[in-house]
>>> print(open('query_6.txt').read())   # compact mmCIF, C-alpha atoms and all ligand atoms
# COMPACT_ATOMS: atom_id res chain seq x y z
CA MET A 1 6.42 126.46 68.59
CA ASN A 2 6.04 126.17 64.83
CA PHE A 3 7.51 123.09 63.18
CA VAL A 4 7.92 123.11 59.41
CA VAL A 5 9.60 120.20 57.62
CA LEU A 6 11.06 120.69 54.15
CA THR A 7 11.13 117.31 52.41
CA ILE A 8 10.50 115.60 49.08
CA PHE A 9 8.44 112.99 50.96
CA PRO A 10 5.79 114.98 52.89
CA GLU A 11 3.54 111.94 52.98
CA MET A 12 5.95 110.38 55.51
CA PHE A 13 4.71 112.91 58.06
CA ILE A 14 0.93 112.38 57.70
CA PRO A 15 0.81 109.51 60.27
CA PHE A 16 3.41 111.28 62.40
CA TRP A 17 1.26 114.41 62.75
CA GLU A 18 -1.87 112.32 63.35
CA HIS A 19 -0.79 110.30 66.39
CA GLY A 20 0.30 110.50 70.02
CA ILE A 21 1.98 113.44 71.63
CA ILE A 22 2.30 115.45 68.42
CA LYS A 23 -1.41 115.24 67.66
CA ARG A 24 -2.26 116.17 71.25
CA ALA A 25 0.09 119.15 71.14
CA VAL A 26 -1.40 120.32 67.84
CA ASP A 27 -4.98 119.83 69.11
CA ARG A 28 -4.12 121.89 72.20
CA SER A 29 -2.47 124.56 70.02
CA LYS A 30 0.82 124.06 71.83
CA ILE A 31 2.56 123.55 68.47
CA SER A 32 1.82 123.95 64.79
CA ALA A 33 3.24 121.33 62.44
CA SER A 34 3.39 121.25 58.66
CA THR A 35 5.44 120.04 55.72
CA VAL A 36 6.58 121.78 52.56
CA ASN A 37 7.41 119.74 49.47
CA ILE A 38 10.77 120.89 48.16
CA ARG A 39 9.76 119.53 44.74
CA ASP A 40 7.10 122.27 44.49
CA PHE A 41 9.96 124.76 44.26
CA ALA A 42 11.90 122.86 41.58
CA GLU A 43 11.84 124.16 38.02
CA GLY A 44 11.23 122.23 34.85
CA ARG A 45 8.71 119.69 33.71
CA HIS A 46 10.02 117.06 36.10
CA HIS A 47 10.58 119.37 39.06
CA THR A 48 14.09 118.04 39.45
CA THR A 49 15.51 118.37 42.96
CA ASP A 50 18.82 116.57 42.53
CA ASP A 51 21.71 116.38 40.10
CA ARG A 52 25.07 114.69 39.59
CA PRO A 53 27.95 115.82 41.83
CA TYR A 54 30.61 118.16 40.37
CA GLY A 55 33.92 116.36 40.45
CA GLY A 56 32.26 113.07 39.57
CA GLY A 57 31.60 110.17 41.88
CA CYS A 58 28.54 108.12 42.68
CA GLY A 59 25.19 109.32 43.96
CA MET A 60 23.28 112.54 43.53
CA VAL A 61 23.28 115.85 45.36
CA MET A 62 20.22 117.98 46.20
CA LYS A 63 20.18 121.06 43.97
CA PRO A 64 20.54 124.45 45.73
CA GLU A 65 17.79 126.35 43.89
CA PRO A 66 14.71 124.38 45.10
CA LEU A 67 16.14 124.26 48.64
CA ALA A 68 16.89 128.00 48.68
CA ALA A 69 13.45 128.86 47.28
CA SER A 70 11.59 126.62 49.75
CA ILE A 71 13.59 127.87 52.75
CA ARG A 72 13.05 131.50 51.70
CA ALA A 73 9.31 130.90 51.32
CA VAL A 74 9.04 129.51 54.86
CA LYS A 75 11.37 132.10 56.40
CA LYS A 76 9.22 134.85 54.86
CA LYS A 77 6.32 133.59 57.01
CA GLN A 78 8.44 132.63 60.02
CA PRO A 79 11.48 134.96 60.03
CA CYS A 80 12.39 134.08 63.63
CA SER A 81 12.50 130.31 63.05
CA ARG A 82 15.84 128.50 63.09
CA THR A 83 16.74 126.37 60.08
CA VAL A 84 18.04 122.94 61.05
CA LEU A 85 19.74 120.64 58.54
CA LEU A 86 19.61 116.96 59.48
CA THR A 87 22.97 115.50 58.58
CA PRO A 88 25.48 112.91 59.87
CA GLN A 89 27.98 115.78 60.02
CA GLY A 90 25.98 117.74 62.55
CA ARG A 91 26.43 118.03 66.31
CA VAL A 92 24.99 114.92 67.95
CA PHE A 93 21.52 115.50 69.35
CA ASN A 94 20.92 115.03 73.08
CA GLN A 95 18.53 116.13 75.80
CA LYS A 96 20.45 119.35 76.41
CA ILE A 97 20.08 120.34 72.75
CA ALA A 98 16.40 119.33 72.92
CA ARG A 99 15.90 121.73 75.82
CA THR A 100 17.60 124.53 73.91
CA LEU A 101 15.62 123.92 70.73
CA ALA A 102 12.37 123.88 72.78
CA LEU A 103 12.99 127.57 73.56
CA SER A 104 12.89 128.49 69.85
CA GLU A 105 9.91 130.30 68.38
CA GLY A 106 9.98 127.91 65.43
CA LEU A 107 12.11 125.26 63.77
CA ILE A 108 12.44 124.66 60.03
CA PHE A 109 13.84 121.17 59.38
CA VAL A 110 15.62 120.70 56.06
CA CYS A 111 15.60 117.00 55.14
CA GLY A 112 18.27 116.09 52.63
CA ARG A 113 18.22 112.92 50.54
CA TYR A 114 20.72 111.21 48.26
CA GLU A 115 24.35 112.06 49.12
CA GLY A 116 23.34 115.31 50.77
CA VAL A 117 22.68 118.92 49.89
CA ASP A 118 24.75 121.46 47.90
CA GLU A 119 27.24 123.04 50.35
CA ARG A 120 26.13 126.55 49.40
CA ILE A 121 22.84 125.81 51.19
CA CYS A 122 24.73 124.87 54.36
CA ASP A 123 26.81 128.06 54.08
CA SER A 124 23.97 130.52 53.51
CA PHE A 125 20.66 129.08 54.73
CA ILE A 126 21.32 126.78 57.69
CA ASP A 127 21.54 127.91 61.32
CA ASP A 128 22.19 124.49 62.88
CA GLU A 129 23.40 121.11 61.61
CA ILE A 130 22.18 118.22 63.80
CA SER A 131 22.84 114.48 63.69
CA ILE A 132 20.88 111.91 65.69
CA GLY A 133 23.83 109.53 65.73
CA ASP A 134 26.91 108.27 63.94
CA TYR A 135 25.22 106.41 61.10
CA VAL A 136 23.88 107.28 57.67
CA LEU A 137 20.14 107.23 56.99
CA THR A 138 18.40 107.36 53.61
CA GLY A 139 17.30 110.89 54.42
CA GLY A 140 16.77 113.44 57.16
CA GLU A 141 13.03 112.78 57.64
CA VAL A 142 13.31 110.15 60.40
CA ALA A 143 15.87 112.30 62.22
CA ALA A 144 13.49 115.26 62.05
CA MET A 145 10.75 113.12 63.64
CA VAL A 146 13.06 112.10 66.48
CA ILE A 147 13.92 115.70 67.24
CA ILE A 148 10.33 116.95 66.91
CA ASP A 149 9.18 114.24 69.34
CA ALA A 150 11.91 114.99 71.90
CA VAL A 151 11.39 118.78 71.67
CA THR A 152 7.57 118.69 71.72
CA ARG A 153 7.42 116.77 75.00
CA LEU A 154 9.47 119.54 76.63
CA ILE A 155 7.05 122.30 75.67
CA PRO A 156 5.11 123.40 78.78
CA GLY A 157 1.59 121.98 78.92
CA VAL A 158 2.19 119.23 76.38
CA LEU A 159 2.75 116.37 78.82
CA GLY A 160 0.25 115.45 81.54
CA GLY A 161 1.87 115.87 84.97
CA ALA A 162 3.66 119.17 85.48
CA ASP A 163 6.94 117.46 86.20
CA SER A 164 6.73 114.57 83.72
CA ALA A 165 9.55 115.87 81.53
CA GLU A 166 11.60 117.17 84.42
CA LYS A 167 12.22 113.66 85.81
CA ASP A 168 13.11 112.19 82.44
CA SER A 169 16.30 110.30 81.78
CA PHE A 170 19.03 112.87 81.21
CA SER A 171 16.95 115.59 82.86
CA GLU A 172 19.72 115.85 85.52
CA ASP A 173 22.22 114.11 83.23
CA LEU A 174 21.30 110.82 84.90
CA LEU A 175 19.48 107.80 83.51
CA GLU A 176 16.02 107.26 84.94
CA HIS A 177 15.42 104.83 87.83
CA ALA A 178 13.62 101.52 87.28
CA HIS A 179 9.81 101.69 86.95
CA TYR A 180 7.25 99.19 88.27
CA THR A 181 3.47 98.87 88.11
CA ARG A 182 0.85 96.28 89.04
CA PRO A 183 0.82 93.35 89.62
CA ARG A 184 2.86 93.44 92.84
CA THR A 185 4.21 89.94 92.06
CA PHE A 186 4.96 89.04 88.46
CA GLU A 187 6.10 85.50 87.72
CA GLY A 188 7.52 85.26 91.22
CA THR A 189 9.31 88.64 91.16
CA GLU A 190 8.26 91.25 93.69
CA VAL A 191 8.18 95.05 93.36
CA PRO A 192 10.89 96.66 95.61
CA GLU A 193 9.37 97.04 99.09
CA VAL A 194 10.27 100.72 99.43
CA LEU A 195 7.94 101.57 96.53
CA LEU A 196 5.02 100.11 98.47
CA SER A 197 5.91 101.91 101.73
CA GLY A 198 4.23 105.23 101.03
CA ASN A 199 7.33 106.89 102.50
CA HIS A 200 7.97 109.50 99.80
CA LYS A 201 11.29 110.63 101.27
CA GLU A 202 12.61 107.06 101.18
CA ILE A 203 11.12 106.48 97.73
CA GLU A 204 12.84 109.61 96.36
CA LYS A 205 16.13 108.51 97.96
CA TRP A 206 15.79 105.05 96.42
CA ARG A 207 15.02 106.55 93.00
CA LEU A 208 18.07 108.83 93.13
CA GLU A 209 20.21 105.86 94.21
CA MET A 210 18.90 103.72 91.35
CA SER A 211 19.47 106.55 88.85
CA LEU A 212 23.05 107.06 90.00
CA ILE A 213 23.95 103.38 90.04
CA ARG A 214 22.25 102.72 86.71
CA THR A 215 24.06 105.68 85.15
CA PHE A 216 27.37 104.50 86.58
CA LEU A 217 26.88 101.00 85.22
CA LYS A 218 25.36 101.84 81.82
CA ARG A 219 26.63 105.34 81.00
CA PRO A 220 29.64 106.24 83.19
CA ASP A 221 30.54 108.87 80.58
CA LEU A 222 27.59 110.94 81.80
CA LEU A 223 29.13 111.13 85.27
CA LYS A 224 32.69 111.96 84.18
CA ASN A 225 32.19 115.71 83.95
CA ARG A 226 29.03 116.05 86.02
CA PRO A 227 29.28 117.80 89.41
CA VAL A 228 28.27 115.30 92.09
CA ASN A 229 26.73 116.65 95.32
CA THR A 230 27.43 115.28 98.81
CA GLN A 231 24.34 113.07 98.91
CA GLU A 232 25.16 111.58 95.53
CA MET A 233 28.81 110.98 96.48
CA GLU A 234 27.68 109.21 99.66
CA ILE A 235 25.47 106.92 97.57
CA LEU A 236 28.28 106.12 95.16
CA GLU A 237 30.72 105.52 98.01
CA LYS A 238 28.18 103.25 99.70
CA TRP A 239 28.28 101.16 96.53
CA CYS A 240 32.10 101.51 96.47
CA LEU A 241 31.98 103.16 93.07
CA ASP A 242 34.66 105.63 92.10
CA ILE A 243 33.42 107.72 89.19
CA ARG A 244 36.67 109.53 88.68
CA LYS A 245 38.64 106.49 87.60
C1 LIG B 301 20.73 112.96 61.00
C2 LIG B 301 20.64 112.82 59.62
C3 LIG B 301 21.25 111.73 59.02
C4 LIG B 301 21.17 111.55 57.57
C5 LIG B 301 20.64 112.44 56.67
N1 LIG B 301 20.78 111.88 55.45
C6 LIG B 301 21.40 110.71 55.60
N2 LIG B 301 21.65 110.48 56.89
C7 LIG B 301 21.92 110.80 59.78
C8 LIG B 301 21.99 110.98 61.15
N3 LIG B 301 21.40 112.03 61.74
>>> encode(input="query_6.txt", output="structure tokens", more="lines below")
Ligand SMILES: c1cc(-c2cnc[nH]2)ccn1
Amino acid sequence: MNFVVLTIFPEMFIPFWEHGIIKRAVDRSKISASTVNIRDFAEGRHHTTDDRPYGGGCGMVMKPEPLAASIRAVKKKQPCSRTVLLTPQGRVFNQKIARTLALSEGLIFVCGRYEGVDERICDSFIDDEISIGDYVLTGGEVAAMVIIDAVTRLIPGVLGGADSAEKDSFSEDLLEHAHYTRPRTFEGTEVPEVLLSGNHKEIEKWRLEMSLIRTFLKRPDLLKNRPVNTQEMEILEKWCLDIRK
């Protein structure tokens, strides 16, 4: 997986590349990660990357020429990479999209600033528009980091245990069960007994039950259109929970 981020603030990514899961994935050659400064492709003495909007109004728009030139330069090296524009108008990112993106050969993230990018870039250079939520940021950089983090952890060999990512929240469209670690008693509160039993069948059953109930209580929307198997329905019925209401 090759990640390239097109931005006018490449320095934002120096600490991001140098820490945690991203650094480990780079060190293990599971991913490559780099930034390209859009300003390097802007003409003129000031390397201008933005201009006033046609039609008037407040704010500035990112000019198409530097964006087109920088995208073309990266695509020339990585022709099979998908270009992703981070924008509030994109489809809302989730674990399912993360899994799909993790299958790509490479991802080129285009980080807009100001009021956004010239529409002709969206029409001719962008394969995918993605939002990380219904709010407006100052630019696409933070959104790119969120997506790179979520996608990188799904790449085989990046996480420790073989199944670490498979049991994540949303991995089966359910929230994760509660987690506990030592001490056994913390300020008078005990760890659930089943987790100390060593009975892995019972522990797995408890974890599924906790995931289902937690999802029902916190994110019932995730259950609305999710097929529920017999075991899961029995758990929900045991708790007298009707997910189809
Ligand atoms: C992705 C990008 C953005 C964004 C880009 N530029 C301003 N806001 C907001 C949400 N998700």
>>> residues_near_ligand(input="query_6.txt", ligand="ligand LIG 301 (chain B)", cutoff="6 Å", atoms="all atoms listed in the file", output="PyMOL selection string")
chain A and resi 86-88+112-113+131-133+135-140+143
>>> closest_residue(input="query_6.txt", among="A:Val110, A:Ile31, A:Leu175, A:Val117", to="Val84 in chain A", atoms="all atoms listed in the file")
A:Val110
>>> residues_around(input="query_6.txt", residues="Val26 in chain A", least_positions_apart="2", cutoff="12 Å", atoms="only C-alpha atoms", output="list in words")
Met1, Asn2, Phe3, Phe16, Trp17, Glu18, His19, Gly20, Ile21, Ile22, Lys23, Arg24, Arg28, Ser29, Lys30, Ile31, Ser32, Ala33, Ser34, Thr152, Arg153, Ile155, Gly157 and Val158 of chain A
>>> residues_around(input="query_6.txt", residues="Arg214 in chain A", least_positions_apart="2", cutoff="10 Å", atoms="all atoms listed in the file", output="PyMOL selection string")
chain A and resi 174-178+208-212+216-220
>>> residues_around(input="query_6.txt", residues="Pro66 in chain A", least_positions_apart="5", cutoff="9 Å", atoms="all atoms listed in the file", output="list in words")
Ile38, Arg39, Asp40, Phe41, Ala42, Glu43, His47, Thr48, Thr49 and Ile71 of chain A
>>> write_last_selection(input="query_6.txt", atoms="C-alpha atoms", output="PDB file, in the coordinates of the input")
ATOM      1  CA  ILE A  38      10.770 120.890  48.160  1.00  0.00           C
ATOM      2  CA  ARG A  39       9.760 119.530  44.740  1.00  0.00           C
ATOM      3  CA  ASP A  40       7.100 122.270  44.490  1.00  0.00           C
ATOM      4  CA  PHE A  41       9.960 124.760  44.260  1.00  0.00           C
ATOM      5  CA  ALA A  42      11.900 122.860  41.580  1.00  0.00           C
ATOM      6  CA  GLU A  43      11.840 124.160  38.020  1.00  0.00           C
ATOM      7  CA  HIS A  47      10.580 119.370  39.060  1.00  0.00           C
ATOM      8  CA  THR A  48      14.090 118.040  39.450  1.00  0.00           C
ATOM      9  CA  THR A  49      15.510 118.370  42.960  1.00  0.00           C
ATOM     10  CA  ILE A  71      13.590 127.870  52.750  1.00  0.00           C
TER      11      ILE A  71
END
>>> residues_around(input="query_6.txt", residues="Tyr114 in chain A", least_positions_apart="5", cutoff="9 Å", atoms="all atoms listed in the file", output="PDB file with C-alpha atoms, in the coordinates of the input")
ATOM      1  CA  ASP A  50      18.820 116.570  42.530  1.00  0.00           C
ATOM      2  CA  GLY A  59      25.190 109.320  43.960  1.00  0.00           C
ATOM      3  CA  MET A  60      23.280 112.540  43.530  1.00  0.00           C
ATOM      4  CA  VAL A  61      23.280 115.850  45.360  1.00  0.00           C
ATOM      5  CA  MET A  62      20.220 117.980  46.200  1.00  0.00           C
ATOM      6  CA  THR A 138      18.400 107.360  53.610  1.00  0.00           C
ATOM      7  CA  GLY A 139      17.300 110.890  54.420  1.00  0.00           C
TER       8      GLY A 139
END
